[in-house]
Amino acid sequence: MARRKSWNTADMSYDEVAELLKENDTVMIPMGSNEKHGAHIILATDTVTTMGVVEAAAPLAKTAYTPIIPVGYSPHHMGRVGEGAGTMTFSGATYRQMVYELGMSMIYHGFNKIVFVSHHGSNSKVVDDVLRRLRYETGCFACWYKTPTERDYTIVGDIMEGPAEETPGWHAGEMETSTVWAWDETLMDMDKAKQDRTHAPAWMGPKFKKKDGAPTVEFMGAENIIVPMEHHEYSDSATIGNPFRGSKDKGERYFKQSGEALAAFLEEVKNFDIEVPLEKRQFTSRA
């Protein structure tokens, strides 16, 4: 009996991956997170949202993806002892090394175009130099595809109903409540849901403001100051927005539209004329 069809390399045999490579040298590497969110949704919210988009895009673009890494860069979510219970994080150095070795693993086997996909915004903060390292060392195409979220959700803007002041794309609000609902409604507990907003850390004083979860604060009307803050310092409940606007239908529409957008991007990437020379396909991190 033949193996069921899957675009996840973990569900494929080595010869099936090799056969796929003859037609498509692009691969997605999904990168998740396991961190404190509003109590009505799960720690793995960013992981399941990433996977919902990747799984929707893969068959449309006929592009494989690797197993997701369910832990990301989330030091700001660790909180005080017991506060962010269950949160896990890599250091920036560990995360960058992991991204590099995952990319090199795929390059070693023949992939020329590596598309990392992640919904967790903070994963994006620490990867520029490693993406450049992959490119400079091998000549591959490497990119970081951030699914629609936070301030960049134009692709699904027609789905979100909340006004700007409700920050619909942010943490545990309208968008993420919807994606978890669509992924698995048995993981929801809307009895614990509540609206909440951000504020500047109290220790900064009244002259500073903060409107969402971006790593910046406002001062004298300008938002040009990046400050390393703990999540609990500017978000009392780990919810930023209005989860009561979330719904399973919105989540399903989110996955469909986001998957179509990612698939369209992959189709363009597949056309890039890029090939890593054989002598550059060296994987040295085996010890």
# chains A, B, ... in the order shown; residues from 1 in each chain; ligands from 1
>>> residues_around(residues="Thr47 in chain A", least_positions_apart="5", cutoff="8 Å", atoms="only C-alpha atoms", output="list in words")
Met31, Gly32, Ser33, Asn34, Ile68, Pro70, Ser118, His119 and His120 of chain A
>>> residues_around(residues="range 151-155 of chain A", least_positions_apart="3", cutoff="10 Å", atoms="only C-alpha atoms", output="ChimeraX atom specification")
/A:146-148,158-160,164,167-170,175,212-214,254,257-258,260-261
>>> residues_around(residues="Val127 in chain A", least_positions_apart="5", cutoff="9 Å", atoms="only C-alpha atoms", output="PyMOL selection string")
chain A and resi 92+95-96+99+132+144
>>> write_last_selection(atoms="N, CA and C atoms", output="short mmCIF file (atom, residue, chain, number, x, y, z; two decimals), in the first residue's frame")
data_model
loop_
_atom_site.label_atom_id
_atom_site.label_comp_id
_atom_site.auth_asym_id
_atom_site.auth_seq_id
_atom_site.Cartn_x
_atom_site.Cartn_y
_atom_site.Cartn_z
N GLY A 92 19.43 34.23 21.75
CA GLY A 92 19.62 34.68 20.37
C GLY A 92 20.71 33.90 19.67
N TYR A 95 19.48 30.40 18.86
CA TYR A 95 18.47 30.43 17.79
C TYR A 95 19.13 30.65 16.43
N ARG A 96 20.05 31.58 16.36
CA ARG A 96 20.73 31.84 15.08
C ARG A 96 21.49 30.60 14.61
N VAL A 99 18.95 28.12 13.21
CA VAL A 99 18.47 28.54 11.89
C VAL A 99 19.52 28.23 10.83
N ARG A 132 21.95 36.26 6.08
CA ARG A 132 23.03 36.75 5.23
C ARG A 132 24.19 35.74 5.20
N TRP A 144 13.07 35.22 5.29
CA TRP A 144 12.23 35.03 6.47
C TRP A 144 10.85 35.56 6.13
#
>>> atom_distance(atom1="CA of Met190 in chain A", atom2="CA of Arg245 in chain A")
11.3 Å
>>> atom_distance(atom1="CA of Met88 in chain A", atom2="CA of Leu43 in chain A")
9.4 Å
>>> closest_residue(among="A:Cys143, A:Leu262, A:Ala93, A:Leu21", to="Thr9 in chain A", atoms="only C-alpha atoms")
A:Leu21
>>> select_by_dssp(residues="range 16-115 of chain A", states="strand (DSSP E or B)", output="list of chain:residue names")
A:Thr26, A:Val27, A:Met28, A:Ile29, A:Pro30, A:Met31, A:Asn34, A:Ala64, A:Tyr65, A:Ile69, A:Met88, A:Lys113, A:Ile114, A:Val115
>>> residues_around(residues="Glu233 in chain A", least_positions_apart="4", cutoff="8 Å", atoms="only C-alpha atoms", output="PDB file with N, CA and C atoms, in the first residue's frame")
ATOM      1  N   ALA A 200       3.049  51.958  28.463  1.00  0.00           N
ATOM      2  CA  ALA A 200       4.494  52.020  28.687  1.00  0.00           C
ATOM      3  C   ALA A 200       4.817  51.455  30.066  1.00  0.00           C
ATOM      4  N   PRO A 201       5.974  50.845  30.230  1.00  0.00           N
ATOM      5  CA  PRO A 201       6.344  50.342  31.553  1.00  0.00           C
ATOM      6  C   PRO A 201       6.235  51.429  32.615  1.00  0.00           C
ATOM      7  N   ALA A 202       5.679  51.074  33.755  1.00  0.00           N
ATOM      8  CA  ALA A 202       5.456  52.061  34.812  1.00  0.00           C
ATOM      9  C   ALA A 202       6.748  52.738  35.241  1.00  0.00           C
ATOM     10  N   MET A 229      12.153  45.478  26.611  1.00  0.00           N
ATOM     11  CA  MET A 229      11.160  45.429  27.682  1.00  0.00           C
ATOM     12  C   MET A 229      10.692  44.004  27.897  1.00  0.00           C
TER      13      MET A 229
END
>>> residues_around(residues="Thr63 in chain A", least_positions_apart="3", cutoff="10 Å", atoms="only C-alpha atoms", output="number ranges by chain")
A: 7-8, 20-21, 23-28, 54-55, 57-60, 263, 266-267, 270
>>> write_last_selection(atoms="N, CA and C atoms", output="mmCIF file, in the first residue's frame")
data_model
loop_
_atom_site.group_PDB
_atom_site.id
_atom_site.type_symbol
_atom_site.label_atom_id
_atom_site.label_comp_id
_atom_site.auth_asym_id
_atom_site.auth_seq_id
_atom_site.Cartn_x
_atom_site.Cartn_y
_atom_site.Cartn_z
ATOM 1 N N TRP A 7 3.119 16.880 2.234
ATOM 2 C CA TRP A 7 4.162 17.832 1.853
ATOM 3 C C TRP A 7 5.146 18.050 2.997
ATOM 4 N N ASN A 8 4.915 17.387 4.133
ATOM 5 C CA ASN A 8 5.800 17.476 5.284
ATOM 6 C C ASN A 8 6.922 16.452 5.104
ATOM 7 N N LEU A 20 11.159 14.716 -5.247
ATOM 8 C CA LEU A 20 10.557 16.043 -5.270
ATOM 9 C C LEU A 20 11.571 17.106 -5.681
ATOM 10 N N LEU A 21 12.815 16.938 -5.235
ATOM 11 C CA LEU A 21 13.871 17.901 -5.542
ATOM 12 C C LEU A 21 14.128 18.038 -7.034
ATOM 13 N N GLU A 23 11.985 18.395 -9.224
ATOM 14 C CA GLU A 23 10.999 19.326 -9.772
ATOM 15 C C GLU A 23 10.969 20.665 -9.038
ATOM 16 N N ASN A 24 11.399 20.688 -7.798
ATOM 17 C CA ASN A 24 11.251 21.895 -6.987
ATOM 18 C C ASN A 24 12.380 21.949 -5.955
ATOM 19 N N ASP A 25 13.254 22.945 -6.093
ATOM 20 C CA ASP A 25 14.390 23.072 -5.175
ATOM 21 C C ASP A 25 14.143 24.124 -4.092
ATOM 22 N N THR A 26 12.873 24.402 -3.830
ATOM 23 C CA THR A 26 12.476 25.328 -2.771
ATOM 24 C C THR A 26 11.876 24.533 -1.620
ATOM 25 N N VAL A 27 12.174 24.937 -0.399
ATOM 26 C CA VAL A 27 11.605 24.265 0.767
ATOM 27 C C VAL A 27 11.249 25.304 1.813
ATOM 28 N N MET A 28 10.164 25.069 2.536
ATOM 29 C CA MET A 28 9.778 25.910 3.665
ATOM 30 C C MET A 28 10.275 25.279 4.964
ATOM 31 N N VAL A 54 1.281 27.433 6.514
ATOM 32 C CA VAL A 54 2.185 26.574 5.748
ATOM 33 C C VAL A 54 1.426 25.405 5.120
ATOM 34 N N GLU A 55 0.566 24.775 5.896
ATOM 35 C CA GLU A 55 -0.187 23.630 5.377
ATOM 36 C C GLU A 55 -1.160 24.044 4.277
ATOM 37 N N ALA A 57 -0.515 26.565 2.161
ATOM 38 C CA ALA A 57 0.280 26.980 1.011
ATOM 39 C C ALA A 57 0.932 25.809 0.283
ATOM 40 N N ALA A 58 1.357 24.787 1.023
ATOM 41 C CA ALA A 58 2.179 23.715 0.453
ATOM 42 C C ALA A 58 1.552 23.041 -0.773
ATOM 43 N N PRO A 59 0.299 22.560 -0.709
ATOM 44 C CA PRO A 59 -0.252 21.901 -1.892
ATOM 45 C C PRO A 59 -0.517 22.860 -3.043
ATOM 46 N N LEU A 60 -0.785 24.127 -2.729
ATOM 47 C CA LEU A 60 -1.025 25.103 -3.789
ATOM 48 C C LEU A 60 0.247 25.359 -4.588
ATOM 49 N N ALA A 263 1.708 30.918 -1.016
ATOM 50 C CA ALA A 263 1.875 30.081 -2.210
ATOM 51 C C ALA A 263 2.262 30.933 -3.420
ATOM 52 N N LEU A 266 5.868 31.705 -3.088
ATOM 53 C CA LEU A 266 6.682 30.536 -3.395
ATOM 54 C C LEU A 266 6.792 30.301 -4.898
ATOM 55 N N GLU A 267 5.721 30.545 -5.625
ATOM 56 C CA GLU A 267 5.770 30.367 -7.079
ATOM 57 C C GLU A 267 6.793 31.303 -7.706
ATOM 58 N N LYS A 270 10.339 29.954 -6.782
ATOM 59 C CA LYS A 270 10.688 28.783 -7.584
ATOM 60 C C LYS A 270 11.311 29.177 -8.923
#
>>> residues_around(residues="range 272-287 of chain A", least_positions_apart="5", cutoff="10 Å", atoms="only C-alpha atoms", output="NGL selection string")
:A and (25-26 or 97 or 100-101 or 103-113 or 135 or 137-141 or 267)
>>> select_by_dssp(residues="range 19-57 of chain A", states="alpha helix (DSSP H)", output="ChimeraX atom specification")
/A:19-21,45-57
>>> write_last_selection(atoms="C-alpha atoms", output="PDB file, in the first residue's frame")
ATOM      1  CA  GLU A  19      12.311  12.807  -6.216  1.00  0.00           C
ATOM      2  CA  LEU A  20      10.557  16.043  -5.270  1.00  0.00           C
ATOM      3  CA  LEU A  21      13.871  17.901  -5.542  1.00  0.00           C
ATOM      4  CA  THR A  45      -0.566  29.964  19.380  1.00  0.00           C
ATOM      5  CA  ASP A  46       2.234  31.180  17.107  1.00  0.00           C
ATOM      6  CA  THR A  47       3.183  27.603  16.246  1.00  0.00           C
ATOM      7  CA  VAL A  48      -0.289  26.517  15.159  1.00  0.00           C
ATOM      8  CA  THR A  49      -0.852  29.782  13.282  1.00  0.00           C
ATOM      9  CA  THR A  50       2.374  29.270  11.363  1.00  0.00           C
ATOM     10  CA  MET A  51       1.422  25.692  10.549  1.00  0.00           C
ATOM     11  CA  GLY A  52      -2.077  26.638   9.420  1.00  0.00           C
ATOM     12  CA  VAL A  53      -0.588  28.956   6.813  1.00  0.00           C
ATOM     13  CA  VAL A  54       2.185  26.574   5.748  1.00  0.00           C
ATOM     14  CA  GLU A  55      -0.187  23.630   5.377  1.00  0.00           C
ATOM     15  CA  ALA A  56      -2.539  25.749   3.260  1.00  0.00           C
ATOM     16  CA  ALA A  57       0.280  26.980   1.011  1.00  0.00           C
TER      17      ALA A  57
END
>>> closest_residue(among="A:Ser237, A:Asn123, A:Thr216, A:Thr94", to="Pro30 in chain A", atoms="only C-alpha atoms")
A:Asn123
>>> atom_distance(atom1="CA of Ala142 in chain A", atom2="CA of Asn271 in chain A")
14.1 Å
>>> residues_around(residues="Lys5 in chain A", least_positions_apart="5", cutoff="12 Å", atoms="only C-alpha atoms", output="list in words")
Ala10, Asp11, Met12, Ser13, Glu16, Val17, Ala58, Pro59, Lys62 and Ala64 of chain A
